[in-house]
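Peer 1: This is the structure, below, for whatever I ask next.
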Protein chains: 2
Amino acid sequence: MAYDTLSSRGRATANTSMRKILTPILADNYDPETNPTGYVNMGTAENYIMTPAVSKFANQTIRTTSKTFTYGQGPWGSSRLRRAMASHMSRHFHSVYPIDADDILFANGITSLCELIAFTIAEPNDAILLPSPIYQAFQTDFSAKAGLKCVFAPFHGSDQFAPECITYYEQAYQKAEANGTKIRGLLLCNPHNPLGKCYPRSALIALMRFCQSHEIHLLADEVYALSVYDINDDAAEPFTSVLSFDSSEYIDRNLLHVLYGFSKDFASGGLRLGCMHTRNPALMDAVGAITQFAWSGSMNELVAVSMLEDQSWLDGFVAESRRLLAQGNLLVRDILDGKGIPYFKGSNAGFFIWMDLRPWLPEANDKGEVLEDAWDREAELVKRFSENKLYFTDGKSLSAEEAGWFRVIFSQEQTVVKEGFRRLFKILGV
Amino acid sequence: MAYDTLSSRGRATANTSMRKILTPILADNYDPETNPTGYVNMGTAENYIMTPAVSKFANQTIRTTSKTFTYGQGPWGSSRLRRAMASHMSRHFHSVYPIDADDILFANGITSLCELIAFTIAEPNDAILLPSPIYQAFQTDFSAKAGLKCVFAPFHGSDQFAPECITYYEQAYQKAEANGTKIRGLLLCNPHNPLGKCYPRSALIALMRFCQSHEIHLLADEVYALSVYDINDDAAEPFTSVLSFDSSEYIDRNLLHVLYGFSKDFASGGLRLGCMHTRNPALMDAVGAITQFAWSGSMNELVAVSMLEDQSWLDGFVAESRRLLAQGNLLVRDILDGKGIPYFKGSNAGFFIWMDLRPWLPEANDKGEVLEDAWDREAELVKRFSENKLYFTDGKSLSAEEAGWFRVIFSQEQTVVKEGFRRLFKILGV
């Protein structure tokens, strides 16, 4: 009976519920003292090492007023919050123009902003173009409600951070259009998740020209903009925001949009607060007309604006975060190097290392049945991780081109990271 | 150029942006001391008189931990919050069964829950049935993104709180179906907004039978459940929750759902926190699979759970809120009675009085042009209110059957209410 009460889209959605999958992982966290047999979560990209500093700051500074509990200035973010963010982005993204607070709109995270933008720039069954691999949630963000398809550009071993990557985007674009799928935008994740690498200006310009040539939107998700650090790796690039150079000769300003938020650089995923910066007034109007569904709320805003306005605290916080992230990145490199496990080189940003377990994919399942397909082998390895309460995001979820890659989250206590690898190596037998 | 970059649904949405309409009202609030020429907002239904108590409570009790800033247990509300709400609803709604915390799902307000439910129970262009008049936001909640139509049942002067109201719902249902529109649910707002009246059990049973007979969902929005007070008015009814009696012989449990939240009874609209209670597992799965787009965030949750868990504070808060709401209701009745302005009788709940200005609708606009249509006359009066920085929600927005009705919000300082009526009477010339 219960399923019969739903619509076709409701039934399709019901079968994808994260609630059942994530609840056991999120409710049973490993702790060396209190829960040594719990889940080692090396899958969720959170800046765990910096959350205590945010909490301490919040407890010292947050004072509500009666206005905090009203609708305030509405769902788009207060003018005070938008001004503080405009100033933050102008400074840290080295914007070539002063960002206007009215060109910023807040919502409860980039997840929601992707969904709202998808709704407003595309019809159902239109598509968004993304590189492969890419952060797994984008697929749901664009498709689950707004009904877009995701088209992934594969790079066949070529450098997707070089301007020549456009060849592969162009191929994916032409193939989709030939199949009757209209591409409406390209999602750029810079610094890249899960690769942890930044795009050089030359590649950004090539991507802008590509979007302009097809008159499609370029959505620049720069949520890891400040989580970039010095690593002794020749393949690494410094971070360059799309705002940091004059792009007017490459792309119409109506097609270029930046997404940012508090989940990563501010270690505050729990605040559910992200923003869009755009100078497309029609897009601002359209998203602004449905932001009430993505309203984050005033307690979250209060913490966020306090962090943004205390520049000296924030500078110290970001410096410490960078120091610890670099340490975590190096720790994982050392551990993997010690076992001869390869990984993607060039990462100096974000919370992750892209680990190559292709040589360790099991050839058979635990019933001894031979697994011909590489993705079945990856799924078998995921099953073994799960049996040992170990969680990495797998390559399939991250739309990898080839089976066997996993994203390792290192932005947590070293004891947790080490326990994770202890379990991993036992499973792999290395 | 900018509009050309949007999809058809995006362009349609862009033209409805609340951002431009609401910003001047929300940013220029009347204050007798600091802004005597500002907007008197008697339109937004907030419990302004009780927000200082919430703020005081929050400042005394809220302490974050590092976990506060993580994704916690996910977007559905922590188990602690859901347990506290289950206990609260069991107690205050006099539930006939103990409510299970797993049958509660949180999101950033009932607005979002309506949208998520609409998405999952109906196809685009299916419809939801609502009484007339009704809280204006429902129309956007169900239509803006989920694409539902709203079908309003008119009552032609009959009592819509009597079981016989079913006749009119049935007429509206048959008319819609005859036009090819599939009705998928009925929205019950109890206590009713904007009428401020509660439904007797007999009417609730009739509505349940009606929904069962057509196998459509009954969405019971009980967000004003505790904002009910004693008023010397024979037409008033005590509040009866759909949970407070055994409904199993009237409606399948898979079709009955309750919506509740913190915006009204807890004077915390800024927290963006509402919940759905359902025993339909498929609906729970479906909504749970897209709740990440409606995630309220942990700071909001922290305040909410603290209020729910401190029963002695909450009991005092609710008692004081009821006392002040009764006072506000009586004040508006007195003021209107003093001028001979009629209003809907029977209100003992919520923050509003439904005021009848039909006799004062202007017959011509300020250019002297005669207005034939009553709705044009109402619009002309709204324009005059706006010119005098006075804001009531008008009957047209509230889907009234007849032009000339306005919703008066009295849950605010008496000085504000009195200033609003001073301006109103000047405009009406009474």
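Each chain of the structure tokens is named A, B, ... in the order shown, its residues numbered from 1; ligands are numbered from 1 in display order.
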Counting only C-alpha atoms, which residues of chain A come no farther than 6 Å from chain B, as JSON, numbers by chain?
Peer 2: {"A": [2, 3, 6, 7, 10, 13, 14, 17, 18, 26, 51, 52, 55, 64, 65, 66, 69, 70, 71, 73, 112, 120, 121, 122, 123, 254, 268, 269, 270, 271, 272, 280, 282, 285, 286, 289, 293, 294, 296, 297, 298, 299, 300]}
Peer 1: Write out as a count of residues only the set of residues from region 143-308 of chain B that DSSP, computed on the backbone, places in strand (DSSP E).
Peer 2: 28
Peer 1: To one decimal place in Å, what is the distance between CA of Arg82 (chain B) and CA of Ser95 (chain B)?
Peer 2: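 About the pair CA of Arg82 (chain B) and CA of Ser95 (chain B): they are 15.7 Å apart.
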Peer 1: Run DSSP on the backbone and grab whatever in region 290-394 of chain A lands in helix (DSSP H, G or I); send it over as a ChimeraX atom specification.
Peer 2: /A:291-294,298-309,311-339,358-360,374-387
Peer 1: From the list A:Leu219, A:Cys189, A:Leu381, A:Leu105, which residue is nearest Met85 (chain A) when using only C-alpha atoms?
Peer 2: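 Looking at the shortest contact to Met85 (chain A), the residue is A:Leu105.
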Peer 1: Just to confirm, what's the straight-line distance from CA of Leu129 (chain A) to CA of Tyr169 (chain A) in Å (one decimal)?
Peer 2: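 Separating CA of Leu129 (chain A) from CA of Tyr169 (chain A) is a distance of 7.8 Å.
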Peer 1: Out of A:Val408, A:Asp234, A:Ser399, A:Ser227, which residue has the shortest atom-to-atom distance to Ala153 (chain A) when counting only C-alpha atoms?
Peer 2: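 Once distances to Ala153 (chain A) are computed over only C-alpha atoms, the minimum belongs to A:Ser399.
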Peer 1: Set the distance at 7 Å and use only C-alpha atoms: which residues neighbour Thr278 (chain B) once local chain neighbours fewer than 3 positions away are removed? I'd like the list as a list in words.
Peer 2: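 The residues satisfying every condition are Asp103, Ile104, Leu256, His257 and Val258 of chain B.
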Peer 1: Would you mind exporting N, CA and C atoms of the selected residues as a compact mmCIF listing (two decimals), in the first residue's frame?
Peer 2:
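Okay, this is what ended up in selection.txt:
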# COMPACT_ATOMS: atom_id res chain seq x y z
N ASP B 103 9.64 7.90 13.09
CA ASP B 103 8.54 8.34 12.23
C ASP B 103 8.48 9.86 12.12
N ILE B 104 9.57 10.51 12.56
CA ILE B 104 9.67 11.97 12.45
C ILE B 104 10.87 12.31 11.58
N LEU B 256 -2.18 9.60 6.19
CA LEU B 256 -2.31 10.67 7.18
C LEU B 256 -0.93 11.14 7.68
N HIS B 257 -0.67 12.44 7.55
CA HIS B 257 0.64 12.97 7.91
C HIS B 257 0.47 14.29 8.66
N VAL B 258 1.32 14.50 9.66
CA VAL B 258 1.23 15.73 10.45
C VAL B 258 2.48 16.58 10.23
Peer 1: As an exercise, work out the distance from CA of Val96 (chain B) to CA of Phe245 (chain B) in Å and give it to one decimal place.
Peer 2: 5.7 Å
Peer 1: List the neighbours of Glu380 (chain B) out to 10 Å using only C-alpha atoms; skip same-chain residues closer than 3 positions along the sequence, and give me the result as a ChimeraX atom specification.
Peer 2: /B:361-366,371,374-377,383-386
Peer 1: Skipping near chain neighbours, those fewer than 2 positions away, what residues fall within 8 Å of Tyr250 (chain A) using only C-alpha atoms, listed as a list in words?
Peer 2: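 My list of contacting residues is Ile205, Met208, Arg209, Gln212, Ser247, Ser248 and Asp252 of chain A.
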Peer 1: My list of candidates is A:Gly420, A:Ile427, A:Met355, A:Gln412. Which is closest to Val382 (chain A) when distances are computed with only C-alpha atoms?
Peer 2: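 Closest to Val382 (chain A), using only C-alpha atoms: A:Ile427.
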Peer 1: Could you pull the residues within 12 Å of Cys198 (chain A), counting only C-alpha atoms, minus those fewer than 5 positions along the same chain, as a ChimeraX atom specification?
Peer 2: /A:160-162,188-193,203-204,221-229,235-242,345-350
Peer 1: Residues as selected, N, CA and C atoms, written as a short mmCIF file (atom, residue, chain, number, x, y, z; two decimals), in the first residue's frame, can you do that?
Peer 2:
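File produced: selection-v4.cif:
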data_model
loop_
_atom_site.label_atom_id
_atom_site.label_comp_id
_atom_site.auth_asym_id
_atom_site.auth_seq_id
_atom_site.Cartn_x
_atom_site.Cartn_y
_atom_site.Cartn_z
N GLN A 160 43.87 16.49 -17.16
CA GLN A 160 42.64 17.27 -17.21
C GLN A 160 42.80 18.68 -16.66
N PHE A 161 44.00 19.01 -16.18
CA PHE A 161 44.26 20.36 -15.68
C PHE A 161 45.00 21.22 -16.72
N ALA A 162 45.25 20.65 -17.89
CA ALA A 162 45.91 21.39 -18.97
C ALA A 162 44.84 21.97 -19.90
N LEU A 188 32.77 23.26 -12.76
CA LEU A 188 34.21 23.29 -12.50
C LEU A 188 34.40 23.25 -11.00
N CYS A 189 35.13 22.26 -10.52
CA CYS A 189 35.40 22.15 -9.09
C CYS A 189 36.87 22.46 -8.88
N ASN A 190 37.16 23.66 -8.38
CA ASN A 190 38.53 24.15 -8.29
C ASN A 190 38.76 24.79 -6.93
N PRO A 191 39.64 24.24 -6.07
CA PRO A 191 40.44 23.02 -6.21
C PRO A 191 39.55 21.79 -6.45
N HIS A 192 40.11 20.83 -7.17
CA HIS A 192 39.34 19.67 -7.61
C HIS A 192 39.13 18.66 -6.48
N ASN A 193 37.90 18.19 -6.39
CA ASN A 193 37.52 17.11 -5.48
C ASN A 193 37.10 15.94 -6.36
N ALA A 203 44.13 26.82 -18.08
CA ALA A 203 43.01 25.88 -18.20
C ALA A 203 41.69 26.59 -17.92
N LEU A 204 41.69 27.50 -16.94
CA LEU A 204 40.46 28.24 -16.63
C LEU A 204 40.01 29.05 -17.86
N ASP A 221 32.76 25.95 -8.61
CA ASP A 221 32.67 25.61 -7.19
C ASP A 221 34.07 25.76 -6.60
N GLU A 222 34.26 26.80 -5.80
CA GLU A 222 35.58 27.08 -5.22
C GLU A 222 35.55 26.89 -3.70
N VAL A 223 34.81 25.88 -3.26
CA VAL A 223 34.57 25.72 -1.81
C VAL A 223 35.84 25.39 -1.03
N TYR A 224 36.88 24.90 -1.72
CA TYR A 224 38.14 24.60 -1.03
C TYR A 224 39.19 25.69 -1.26
N ALA A 225 38.74 26.89 -1.64
CA ALA A 225 39.67 27.96 -2.05
C ALA A 225 40.78 28.24 -1.04
N LEU A 226 40.45 28.20 0.26
CA LEU A 226 41.45 28.54 1.27
C LEU A 226 42.11 27.30 1.87
N SER A 227 41.64 26.12 1.47
CA SER A 227 42.22 24.88 1.99
C SER A 227 43.31 24.39 1.03
N VAL A 228 44.23 25.28 0.73
CA VAL A 228 45.35 25.01 -0.18
C VAL A 228 46.63 25.23 0.62
N TYR A 229 47.64 24.37 0.43
CA TYR A 229 48.82 24.41 1.30
C TYR A 229 50.07 24.06 0.51
N ALA A 235 54.07 18.59 -9.34
CA ALA A 235 52.83 18.59 -10.11
C ALA A 235 51.78 19.54 -9.53
N ALA A 236 52.03 20.06 -8.32
CA ALA A 236 51.03 20.92 -7.67
C ALA A 236 50.99 22.32 -8.28
N GLU A 237 49.83 22.95 -8.21
CA GLU A 237 49.60 24.30 -8.74
C GLU A 237 49.06 25.17 -7.62
N PRO A 238 49.41 26.45 -7.57
CA PRO A 238 48.72 27.33 -6.62
C PRO A 238 47.27 27.54 -7.05
N PHE A 239 46.42 27.98 -6.12
CA PHE A 239 45.01 28.19 -6.43
C PHE A 239 44.81 29.51 -7.19
N THR A 240 44.01 29.47 -8.24
CA THR A 240 43.64 30.66 -9.01
C THR A 240 42.12 30.69 -9.12
N SER A 241 41.50 31.69 -8.51
CA SER A 241 40.04 31.83 -8.63
C SER A 241 39.67 32.37 -10.01
N VAL A 242 38.50 31.99 -10.49
CA VAL A 242 38.00 32.58 -11.75
C VAL A 242 37.74 34.08 -11.60
N LYS A 345 49.20 12.30 -8.19
CA LYS A 345 50.17 13.33 -7.78
C LYS A 345 49.67 14.72 -8.14
N GLY A 346 50.10 15.70 -7.36
CA GLY A 346 49.73 17.09 -7.65
C GLY A 346 48.72 17.65 -6.66
N SER A 347 48.35 16.87 -5.65
CA SER A 347 47.34 17.37 -4.70
C SER A 347 47.99 18.27 -3.65
N ASN A 348 47.49 19.46 -3.53
CA ASN A 348 47.93 20.40 -2.49
C ASN A 348 46.74 21.17 -1.94
N ALA A 349 45.57 20.56 -2.07
CA ALA A 349 44.34 21.27 -1.67
C ALA A 349 43.28 20.26 -1.28
N GLY A 350 42.35 20.71 -0.45
CA GLY A 350 41.26 19.83 -0.03
C GLY A 350 41.70 18.88 1.06
#
